[in-house]
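Asker: Pasting coords35.cif here (mmCIF, C-alpha atoms (C1' of nucleotides)):
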data_coords
loop_
_atom_site.label_atom_id
_atom_site.label_comp_id
_atom_site.auth_asym_id
_atom_site.auth_seq_id
_atom_site.Cartn_x
_atom_site.Cartn_y
_atom_site.Cartn_z
CA MET A 229 -9.25 -8.86 -10.26
CA ASN A 230 -5.95 -9.30 -12.04
CA LYS A 231 -4.15 -7.09 -14.50
CA LYS A 232 -5.70 -8.73 -17.53
CA GLN A 233 -9.22 -8.11 -16.24
CA LEU A 234 -8.36 -4.58 -15.24
CA VAL A 235 -7.00 -3.83 -18.68
CA ALA A 236 -10.12 -5.30 -20.26
CA LYS A 237 -12.30 -2.97 -18.19
CA LEU A 238 -10.15 0.02 -19.04
CA SER A 239 -10.26 -0.88 -22.68
CA GLY A 240 -14.03 -0.46 -22.52
CA SER A 241 -14.13 2.65 -20.33
CA LEU A 242 -11.43 4.46 -22.26
CA ASN A 243 -12.50 3.27 -25.67
CA LEU A 244 -9.06 1.87 -26.43
CA SER A 245 -7.87 -1.42 -27.81
CA LYS A 246 -6.70 -3.84 -25.15
CA ALA A 247 -3.14 -3.42 -26.35
CA ASP A 248 -3.40 0.36 -26.02
CA ALA A 249 -5.11 0.11 -22.68
CA GLU A 250 -2.30 -2.07 -21.43
CA ARG A 251 0.34 0.26 -22.80
CA THR A 252 -1.38 3.17 -21.11
CA PHE A 253 -1.57 1.36 -17.83
CA ASP A 254 2.06 0.27 -17.98
CA THR A 255 3.12 3.82 -18.73
CA ILE A 256 1.39 4.99 -15.59
CA THR A 257 2.87 2.36 -13.30
CA ASN A 258 6.29 2.95 -14.80
CA THR A 259 5.98 6.68 -14.27
CA ILE A 260 5.09 6.12 -10.63
CA LEU A 261 7.95 3.68 -10.28
CA ASP A 262 10.44 6.08 -11.78
CA ALA A 263 9.37 8.79 -9.41
CA LEU A 264 9.80 6.43 -6.48
CA LYS A 265 13.23 5.37 -7.71
CA GLY A 266 14.17 9.02 -7.84
CA ASP A 267 13.62 9.12 -4.10
CA ASP A 268 10.38 10.98 -4.50
CA SER A 269 7.01 10.15 -3.04
CA VAL A 270 3.95 10.16 -5.25
CA LYS A 271 0.85 11.83 -3.87
CA ILE A 272 -2.44 11.26 -5.58
CA ALA A 273 -5.15 13.37 -4.01
CA GLY A 274 -8.25 11.42 -3.16
CA PHE A 275 -6.50 8.11 -3.65
CA GLY A 276 -3.31 7.82 -1.69
CA THR A 277 0.41 8.31 -1.41
CA TYR A 278 3.20 5.99 -2.45
CA LYS A 279 6.37 6.25 -0.41
CA VAL A 280 9.61 4.40 -0.17
CA ALA A 281 10.18 3.40 3.42
CA LYS A 282 13.63 2.50 4.66
CA ARG A 283 13.82 -0.45 7.01
CA LYS A 284 16.79 -0.71 9.30
CA ALA A 285 18.79 -3.89 9.66
CA ARG A 286 17.63 -5.93 12.63
CA VAL A 287 17.64 -9.32 14.24
CA GLY A 288 14.93 -11.68 13.13
CA ARG A 289 14.18 -15.29 13.82
CA ASN A 290 13.47 -18.39 11.82
CA PRO A 291 9.97 -19.36 13.03
CA ARG A 292 10.67 -23.04 12.40
CA THR A 293 13.91 -23.39 14.28
CA GLY A 294 13.84 -20.34 16.51
CA GLU A 295 17.30 -19.57 15.28
CA GLN A 296 18.29 -15.91 15.33
CA ILE A 297 18.97 -14.31 11.98
CA GLN A 298 20.54 -11.05 10.96
CA ILE A 299 18.23 -9.20 8.58
CA ALA A 300 19.77 -6.64 6.28
CA ALA A 301 18.39 -3.15 5.90
CA SER A 302 15.95 -2.83 3.04
CA GLN A 303 13.46 -0.56 1.42
CA LYS A 304 9.85 -1.14 0.60
CA VAL A 305 7.11 0.75 -1.13
CA LYS A 306 4.36 1.83 1.18
CA PHE A 307 0.93 2.99 0.15
CA LEU A 308 -0.96 5.31 2.47
CA PRO A 309 -4.64 5.51 1.56
CA ALA A 310 -6.06 9.03 1.36
CA LYS A 311 -8.84 10.21 3.62
CA ALA A 312 -11.45 9.72 0.92
CA LEU A 313 -10.29 6.18 0.37
CA LYS A 314 -10.62 5.28 4.02
CA GLU A 315 -14.10 6.72 4.21
CA VAL A 316 -15.32 4.55 1.38
CA PHE A 317 -14.73 1.48 3.52
CA ASN A 318 -15.76 2.87 6.91
CA ARG A 319 -19.25 4.21 7.18
CA MET B 190 5.41 14.25 -7.20
CA ASN B 191 1.76 15.16 -6.98
CA LYS B 192 -1.15 14.29 -9.19
CA LYS B 193 -0.77 17.35 -11.36
CA GLN B 194 2.85 16.59 -12.10
CA LEU B 195 2.07 12.96 -12.74
CA VAL B 196 -0.67 13.90 -15.18
CA ALA B 197 1.67 16.29 -16.94
CA LYS B 198 4.21 13.51 -17.42
CA LEU B 199 1.57 11.12 -18.67
CA SER B 200 0.28 13.74 -21.04
CA GLY B 201 3.69 13.71 -22.67
CA SER B 202 4.32 9.97 -22.61
CA LEU B 203 0.87 9.07 -23.85
CA ASN B 204 0.57 11.91 -26.29
CA LEU B 205 -2.68 13.09 -24.77
CA SER B 206 -3.96 16.46 -23.69
CA LYS B 207 -3.61 17.08 -19.98
CA ALA B 208 -7.36 16.90 -19.62
CA ASP B 209 -7.45 13.53 -21.34
CA ALA B 210 -4.48 12.26 -19.39
CA GLU B 211 -6.25 13.19 -16.18
CA ARG B 212 -9.46 11.56 -17.29
CA THR B 213 -7.57 8.43 -18.15
CA PHE B 214 -5.83 8.38 -14.82
CA ASP B 215 -9.03 8.97 -12.90
CA THR B 216 -10.72 6.18 -14.80
CA ILE B 217 -8.01 3.80 -13.71
CA THR B 218 -8.08 4.74 -10.05
CA ASN B 219 -11.87 4.56 -10.06
CA THR B 220 -11.80 1.13 -11.66
CA ILE B 221 -9.43 -0.10 -8.98
CA LEU B 222 -11.58 1.48 -6.31
CA ASP B 223 -14.72 -0.12 -7.61
CA ALA B 224 -13.10 -3.52 -7.61
CA LEU B 225 -11.99 -3.00 -4.02
CA LYS B 226 -15.48 -1.88 -3.01
CA GLY B 227 -16.81 -5.07 -4.54
CA ASP B 228 -14.76 -6.97 -1.98
CA ASP B 229 -12.21 -7.95 -4.54
CA SER B 230 -8.48 -7.55 -4.43
CA VAL B 231 -6.64 -6.08 -7.39
CA LYS B 232 -3.46 -7.81 -8.48
CA ILE B 233 -1.16 -6.04 -10.86
CA ALA B 234 1.66 -8.27 -11.99
CA GLY B 235 5.06 -6.70 -11.55
CA PHE B 236 3.69 -3.86 -9.47
CA GLY B 237 1.66 -5.02 -6.52
CA THR B 238 -1.64 -6.00 -5.02
CA TYR B 239 -4.32 -3.80 -3.50
CA LYS B 240 -6.38 -5.42 -0.77
CA VAL B 241 -8.95 -4.37 1.73
CA ALA B 242 -7.68 -5.33 5.15
CA LYS B 243 -9.88 -5.54 8.21
CA ARG B 244 -8.47 -3.91 11.31
CA LYS B 245 -9.71 -5.08 14.68
CA ALA B 246 -11.09 -2.73 17.29
CA ARG B 247 -8.53 -1.76 19.88
CA VAL B 248 -7.60 0.69 22.60
CA GLY B 249 -6.04 3.97 21.56
CA ARG B 250 -5.05 7.06 23.41
CA ASN B 251 -5.34 10.80 23.06
CA PRO B 252 -1.69 11.83 22.83
CA ARG B 253 -2.45 15.24 24.31
CA THR B 254 -4.33 14.12 27.39
CA GLY B 255 -3.22 10.50 27.64
CA GLU B 256 -6.88 9.55 27.93
CA GLN B 257 -7.72 6.06 26.74
CA ILE B 258 -10.08 5.76 23.82
CA GLN B 259 -11.81 2.81 22.26
CA ILE B 260 -11.08 2.59 18.53
CA ALA B 261 -13.69 0.85 16.44
CA ALA B 262 -12.81 -1.87 13.97
CA SER B 263 -12.22 -0.53 10.50
CA GLN B 264 -11.03 -1.39 7.06
CA LYS B 265 -8.16 0.01 5.12
CA VAL B 266 -6.67 -0.43 1.71
CA LYS B 267 -3.36 -2.21 1.77
CA PHE B 268 -0.84 -2.25 -1.00
CA LEU B 269 1.55 -5.17 -1.15
CA PRO B 270 4.48 -4.48 -3.45
CA ALA B 271 5.25 -7.26 -5.93
CA LYS B 272 8.57 -9.04 -5.86
CA ALA B 273 9.82 -7.08 -8.85
CA LEU B 274 8.99 -3.85 -7.06
CA LYS B 275 10.92 -4.82 -3.95
CA GLU B 276 13.94 -5.81 -6.00
CA VAL B 277 14.13 -2.42 -7.62
CA PHE B 278 14.90 -0.89 -4.25
CA ASN B 279 17.05 -3.65 -2.81
CA ARG B 280 20.07 -4.56 -4.77
"C1'" DG C 169 -7.95 33.36 -4.35
"C1'" DT C 170 -10.25 30.30 -1.52
"C1'" DT C 171 -11.24 26.04 0.02
"C1'" DA C 172 -9.80 21.35 0.90
"C1'" DC C 173 -6.70 18.09 1.85
"C1'" DT C 174 -2.35 16.32 3.79
"C1'" DA C 175 1.90 15.98 6.88
"C1'" DT C 176 3.57 16.51 11.29
"C1'" DA C 177 4.23 15.92 16.16
"C1'" DT C 178 3.00 14.11 20.66
"C1'" DG C 179 2.67 8.84 24.12
"C1'" DC C 180 1.35 4.48 24.22
"C1'" DA C 181 -1.38 -0.13 23.68
"C1'" DA C 182 -2.34 -3.61 20.83
"C1'" DA C 183 -2.65 -5.29 16.15
"C1'" DA C 184 -0.07 -6.58 12.48
"C1'" DA C 185 4.13 -7.37 9.90
"C1'" DC C 186 8.31 -9.62 9.40
"C1'" DT C 187 11.54 -13.60 9.33
"C1'" DG C 188 12.37 -19.03 6.51
"C1'" DC C 189 10.28 -22.41 4.23
"C1'" DA C 190 7.12 -25.84 2.13
"C1'" DT C 191 2.85 -26.41 -0.18
"C1'" DA C 192 -0.90 -25.12 -2.97
"C1'" DC C 193 -2.60 -22.10 -6.18
"C1'" DC C 194 -3.39 -19.02 -9.64
"C1'" DC C 195 -1.62 -16.19 -13.38
"C1'" DA C 196 1.28 -15.04 -17.40
"C1'" DA C 197 3.68 -15.98 -21.04
"C1'" DT C 198 5.31 -19.28 -24.22
"C1'" DA D 137 -2.55 -26.02 -23.34
"C1'" DT D 138 1.49 -26.35 -20.61
"C1'" DT D 139 4.76 -24.74 -17.47
"C1'" DG D 140 7.39 -21.74 -14.97
"C1'" DG D 141 7.05 -18.40 -11.62
"C1'" DG D 142 4.97 -15.22 -8.53
"C1'" DT D 143 1.77 -15.24 -4.76
"C1'" DA D 144 -1.03 -16.89 -0.53
"C1'" DT D 145 -0.93 -19.49 3.64
"C1'" DG D 146 0.58 -21.17 8.19
"C1'" DC D 147 3.78 -21.50 11.84
"C1'" DA D 148 6.04 -18.21 16.62
"C1'" DG D 149 8.04 -14.75 18.60
"C1'" DT D 150 10.00 -10.14 18.29
"C1'" DT D 151 9.94 -5.74 15.90
"C1'" DT D 152 7.31 -2.42 13.66
"C1'" DT D 153 3.36 -0.04 12.69
"C1'" DT D 154 -0.90 1.82 13.68
"C1'" DG D 155 -4.02 5.32 15.14
"C1'" DC D 156 -6.25 7.81 18.81
"C1'" DA D 157 -7.08 14.28 19.24
"C1'" DT D 158 -5.92 18.43 17.52
"C1'" DA D 159 -3.70 22.57 15.67
"C1'" DT D 160 -0.72 24.29 12.44
"C1'" DA D 161 1.73 24.68 8.22
"C1'" DG D 162 2.21 23.63 3.86
"C1'" DT D 163 0.45 22.06 -0.49
"C1'" DA D 164 -2.94 21.08 -3.89
"C1'" DA D 165 -7.26 21.51 -6.18
"C1'" DC D 166 -10.98 24.16 -8.21
#
Represent the structure contained in this file as structure tokens.
Answerer:
Amino acid sequence: MNKKQLVAKLSGSLNLSKADAERTFDTITNTILDALKGDDSVKIAGFGTYKVAKRKARVGRNPRTGEQIQIAASQKVKFLPAKALKEVFNR
Amino acid sequence: MNKKQLVAKLSGSLNLSKADAERTFDTITNTILDALKGDDSVKIAGFGTYKVAKRKARVGRNPRTGEQIQIAASQKVKFLPAKALKEVFNR
DNA sequence: GTTACTATATGCAAAAACTGCATACCCAAT
DNA sequence: ATTGGGTATGCAGTTTTTGCATATAGTAAC
């Protein structure tokens, strides 16, 4: 499912136009993003937690050539599924 | 930020009552969940992709006793941040 | 207020992710 | 409808993450 299909479904469920459904959805993702930018994690009970994880610089390797490569430190958004979410897929 | 705080923010941004904002939010997470249950991944352009990843069975360990334990195969929801999302935190 | 969930901390084995890069593919926006 | 761009895949080898049991503390939900 892509964003377009998701918005179409929401449009029906929420009784909104597709444009409004998309605006609503974008507002939510942007709100989550802003919180993460502000160095905050976002916990959604029953769904999961979004966190920004810091990755240290390290030595990697080009799999083609085997050449060693210095990899800079970075940050990535991690999603940790909540208990309820795990259970849905494991029973 | 927790769900309550997120809903409060959305209530403002979307000009909805808190109850409606929460309903809207829950509808979205449920829609995503349903898609994942249906063995589908959910791609959200500019944000990320939710996938169900299969984890193989493996050997674990009780950290208290050191006793070895067989861990069954399982599934978990993975979130892969989109390029745009990574760039926000790495520049 | 009471119940439920979540984070944490512990040691350690094995799975999985990460790196560059080219290709194929699918989506999004023009 | 076309095209540009993000995304998936495969490759190997090293780094990183995962998740086991369990109690406690803190937070959130109802």
Asker: Give me, as CSV, the closest atom pair and its distance (Å, one decimal) for every residue of chain B within a cut-off of 8 Å of chain C, counting only C-alpha atoms (C1' of nucleotides), rows sorted by chain and rising number.
Answerer:
residue,atom,partner,partner_atom,distance
B:Arg244,CA,C:DA183,C1',7.7
B:Lys245,CA,C:DA183,C1',7.2
B:Arg247,CA,C:DA182,C1',6.5
B:Val248,CA,C:DA181,C1',6.4
B:Gly249,CA,C:DA181,C1',6.6
B:Arg250,CA,C:DC180,C1',6.9
B:Pro252,CA,C:DG179,C1',5.4
B:Arg253,CA,C:DT178,C1',6.7
B:Gly255,CA,C:DG179,C1',7.1
Asker: Rank nothing, just name the residue among D:DT138, D:DT160, D:DT143, D:DT150 nearest to chain B, using all atoms listed in the file.
Answerer: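 Smallest distance to chain B is found for D:DT143.
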Asker: Up to 7 Å from chain B, what residues of chain D turn up? Count all atoms listed in the file and give them as a list of chain:residue names.
Answerer: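 The complete set of qualifying residues is D:DG155, D:DC156, D:DA157.
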Asker: Set out as JSON lines a contact list for chain B and chain A with a cut-off of 7 Å, giving each residue of chain B that qualifies its closest atom pair and distance in Å to one decimal, counting only C-alpha atoms, ordered by chain and rising residue number.
Answerer:
{"residue": "B:Met190", "atom": "CA", "partner": "A:Val270", "partner_atom": "CA", "distance": 4.8}
{"residue": "B:Asn191", "atom": "CA", "partner": "A:Lys271", "partner_atom": "CA", "distance": 4.6}
{"residue": "B:Lys192", "atom": "CA", "partner": "A:Ile272", "partner_atom": "CA", "distance": 4.9}
{"residue": "B:Leu199", "atom": "CA", "partner": "A:Ile256", "partner_atom": "CA", "distance": 6.9}
{"residue": "B:Leu203", "atom": "CA", "partner": "A:Thr252", "partner_atom": "CA", "distance": 6.9}
{"residue": "B:Thr213", "atom": "CA", "partner": "A:Leu242", "partner_atom": "CA", "distance": 6.9}
{"residue": "B:Ile217", "atom": "CA", "partner": "A:Leu238", "partner_atom": "CA", "distance": 6.9}
{"residue": "B:Asp229", "atom": "CA", "partner": "A:Met229", "partner_atom": "CA", "distance": 6.5}
{"residue": "B:Ser230", "atom": "CA", "partner": "A:Met229", "partner_atom": "CA", "distance": 6.0}
{"residue": "B:Val231", "atom": "CA", "partner": "A:Met229", "partner_atom": "CA", "distance": 4.8}
{"residue": "B:Lys232", "atom": "CA", "partner": "A:Asn230", "partner_atom": "CA", "distance": 4.6}
{"residue": "B:Ile233", "atom": "CA", "partner": "A:Lys231", "partner_atom": "CA", "distance": 4.8}
{"residue": "B:Ala234", "atom": "CA", "partner": "A:Lys231", "partner_atom": "CA", "distance": 6.4}
{"residue": "B:Ser263", "atom": "CA", "partner": "A:Asn318", "partner_atom": "CA", "distance": 6.1}
{"residue": "B:Gln264", "atom": "CA", "partner": "A:Phe317", "partner_atom": "CA", "distance": 5.9}
{"residue": "B:Lys265", "atom": "CA", "partner": "A:Lys314", "partner_atom": "CA", "distance": 5.9}
{"residue": "B:Val266", "atom": "CA", "partner": "A:Pro309", "partner_atom": "CA", "distance": 6.3}
{"residue": "B:Lys267", "atom": "CA", "partner": "A:Phe307", "partner_atom": "CA", "distance": 6.9}
{"residue": "B:Phe268", "atom": "CA", "partner": "A:Phe307", "partner_atom": "CA", "distance": 5.6}
{"residue": "B:Pro270", "atom": "CA", "partner": "A:Val305", "partner_atom": "CA", "distance": 6.3}
{"residue": "B:Lys275", "atom": "CA", "partner": "A:Lys304", "partner_atom": "CA", "distance": 5.9}
{"residue": "B:Phe278", "atom": "CA", "partner": "A:Gln303", "partner_atom": "CA", "distance": 5.9}
{"residue": "B:Asn279", "atom": "CA", "partner": "A:Ser302", "partner_atom": "CA", "distance": 6.0}
Asker: Hey, can you spit out that residue selection with C-alpha atoms as a PDB file, keeping the file's coordinate frame?
Answerer:
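Result written to again.pdb:
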ATOM      1  CA  MET B 190       5.410  14.250  -7.200  1.00  0.00           C
ATOM      2  CA  ASN B 191       1.760  15.160  -6.980  1.00  0.00           C
ATOM      3  CA  LYS B 192      -1.150  14.290  -9.190  1.00  0.00           C
ATOM      4  CA  LEU B 199       1.570  11.120 -18.670  1.00  0.00           C
ATOM      5  CA  LEU B 203       0.870   9.070 -23.850  1.00  0.00           C
ATOM      6  CA  THR B 213      -7.570   8.430 -18.150  1.00  0.00           C
ATOM      7  CA  ILE B 217      -8.010   3.800 -13.710  1.00  0.00           C
ATOM      8  CA  ASP B 229     -12.210  -7.950  -4.540  1.00  0.00           C
ATOM      9  CA  SER B 230      -8.480  -7.550  -4.430  1.00  0.00           C
ATOM     10  CA  VAL B 231      -6.640  -6.080  -7.390  1.00  0.00           C
ATOM     11  CA  LYS B 232      -3.460  -7.810  -8.480  1.00  0.00           C
ATOM     12  CA  ILE B 233      -1.160  -6.040 -10.860  1.00  0.00           C
ATOM     13  CA  ALA B 234       1.660  -8.270 -11.990  1.00  0.00           C
ATOM     14  CA  SER B 263     -12.220  -0.530  10.500  1.00  0.00           C
ATOM     15  CA  GLN B 264     -11.030  -1.390   7.060  1.00  0.00           C
ATOM     16  CA  LYS B 265      -8.160   0.010   5.120  1.00  0.00           C
ATOM     17  CA  VAL B 266      -6.670  -0.430   1.710  1.00  0.00           C
ATOM     18  CA  LYS B 267      -3.360  -2.210   1.770  1.00  0.00           C
ATOM     19  CA  PHE B 268      -0.840  -2.250  -1.000  1.00  0.00           C
ATOM     20  CA  PRO B 270       4.480  -4.480  -3.450  1.00  0.00           C
ATOM     21  CA  LYS B 275      10.920  -4.820  -3.950  1.00  0.00           C
ATOM     22  CA  PHE B 278      14.900  -0.890  -4.250  1.00  0.00           C
ATOM     23  CA  ASN B 279      17.050  -3.650  -2.810  1.00  0.00           C
TER      24      ASN B 279
END
Asker: Can you state the RMSD, in Å, between chain B and chain A once they are superposed by least squares on every Cα paired in order?
Answerer: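 For chain A versus chain B, the C-alpha RMSD is 0.6 Å.
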Asker: Please compute the atom C1' of D:DT145-atom CA of B:Lys240 distance, one decimal, in Å.
Answerer: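 Here the two named atoms are 15.7 Å from each other.
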Asker: Could you tell me how far atom CA of B:Ala197 sits from atom CA of B:Glu211, in Å to one decimal place?
Answerer: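 Computed distance, atom CA of B:Glu211 to atom CA of B:Ala197, equals 8.5 Å.
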Asker: For atom C1' of D:DA144 and atom CA of A:Ala285, quote the distance in Å rounded to one decimal.
Answerer: 25.8 Å
Asker: Quick one: what's the axis-aligned box for stretch 252-259 of chain A, all listed atoms, 8 Å on every side, centre and edges in Å to one decimal, as AutoDock Vina command-line options?
Answerer:
--center_x 2.4 --center_y 3.5 --center_z -17.2 --size_x 23.9 --size_y 22.4 --size_z 23.8
Asker: Take chain C from the preceding structure and save C-alpha atoms (C1' of nucleotides) as a PDB file, in the first residue's frame.
Answerer:
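Okay, this is what ended up in decode.pdb:
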ATOM      1  C1'  DG C 169      -7.053   6.136  41.614  1.00  0.00           C
ATOM      2  C1'  DT C 170      -6.053   1.923  39.632  1.00  0.00           C
ATOM      3  C1'  DT C 171      -4.600  -0.756  36.140  1.00  0.00           C
ATOM      4  C1'  DA C 172      -1.696  -1.391  32.138  1.00  0.00           C
ATOM      5  C1'  DC C 173       2.046  -0.612  29.576  1.00  0.00           C
ATOM      6  C1'  DT C 174       6.896   0.677  28.824  1.00  0.00           C
ATOM      7  C1'  DA C 175      12.018   1.428  29.809  1.00  0.00           C
ATOM      8  C1'  DT C 176      15.880  -0.322  31.939  1.00  0.00           C
ATOM      9  C1'  DA C 177      19.613  -3.336  33.132  1.00  0.00           C
ATOM     10  C1'  DT C 178      22.106  -7.676  32.958  1.00  0.00           C
ATOM     11  C1'  DG C 179      25.537 -11.443  29.226  1.00  0.00           C
ATOM     12  C1'  DC C 180      25.866 -13.377  25.118  1.00  0.00           C
ATOM     13  C1'  DA C 181      24.845 -15.914  20.481  1.00  0.00           C
ATOM     14  C1'  DA C 182      23.306 -15.388  16.174  1.00  0.00           C
ATOM     15  C1'  DA C 183      20.570 -12.766  12.946  1.00  0.00           C
ATOM     16  C1'  DA C 184      20.450  -8.736  10.582  1.00  0.00           C
ATOM     17  C1'  DA C 185      22.041  -4.233   9.152  1.00  0.00           C
ATOM     18  C1'  DC C 186      25.359  -1.485   7.092  1.00  0.00           C
ATOM     19  C1'  DT C 187      28.738  -0.075   3.501  1.00  0.00           C
ATOM     20  C1'  DG C 188      29.054   1.247  -2.519  1.00  0.00           C
ATOM     21  C1'  DC C 189      27.035   0.618  -6.585  1.00  0.00           C
ATOM     22  C1'  DA C 190      24.383  -0.886 -10.689  1.00  0.00           C
ATOM     23  C1'  DT C 191      20.005  -2.385 -12.256  1.00  0.00           C
ATOM     24  C1'  DA C 192      15.174  -2.792 -12.218  1.00  0.00           C
ATOM     25  C1'  DC C 193      11.061  -1.104 -10.609  1.00  0.00           C
ATOM     26  C1'  DC C 194       7.436   1.405  -8.985  1.00  0.00           C
ATOM     27  C1'  DC C 195       5.543   5.820  -7.561  1.00  0.00           C
ATOM     28  C1'  DA C 196       4.741  10.849  -7.750  1.00  0.00           C
ATOM     29  C1'  DA C 197       4.409  14.794  -9.782  1.00  0.00           C
ATOM     30  C1'  DT C 198       4.474  17.387 -13.902  1.00  0.00           C
TER      31       DT C 198
END
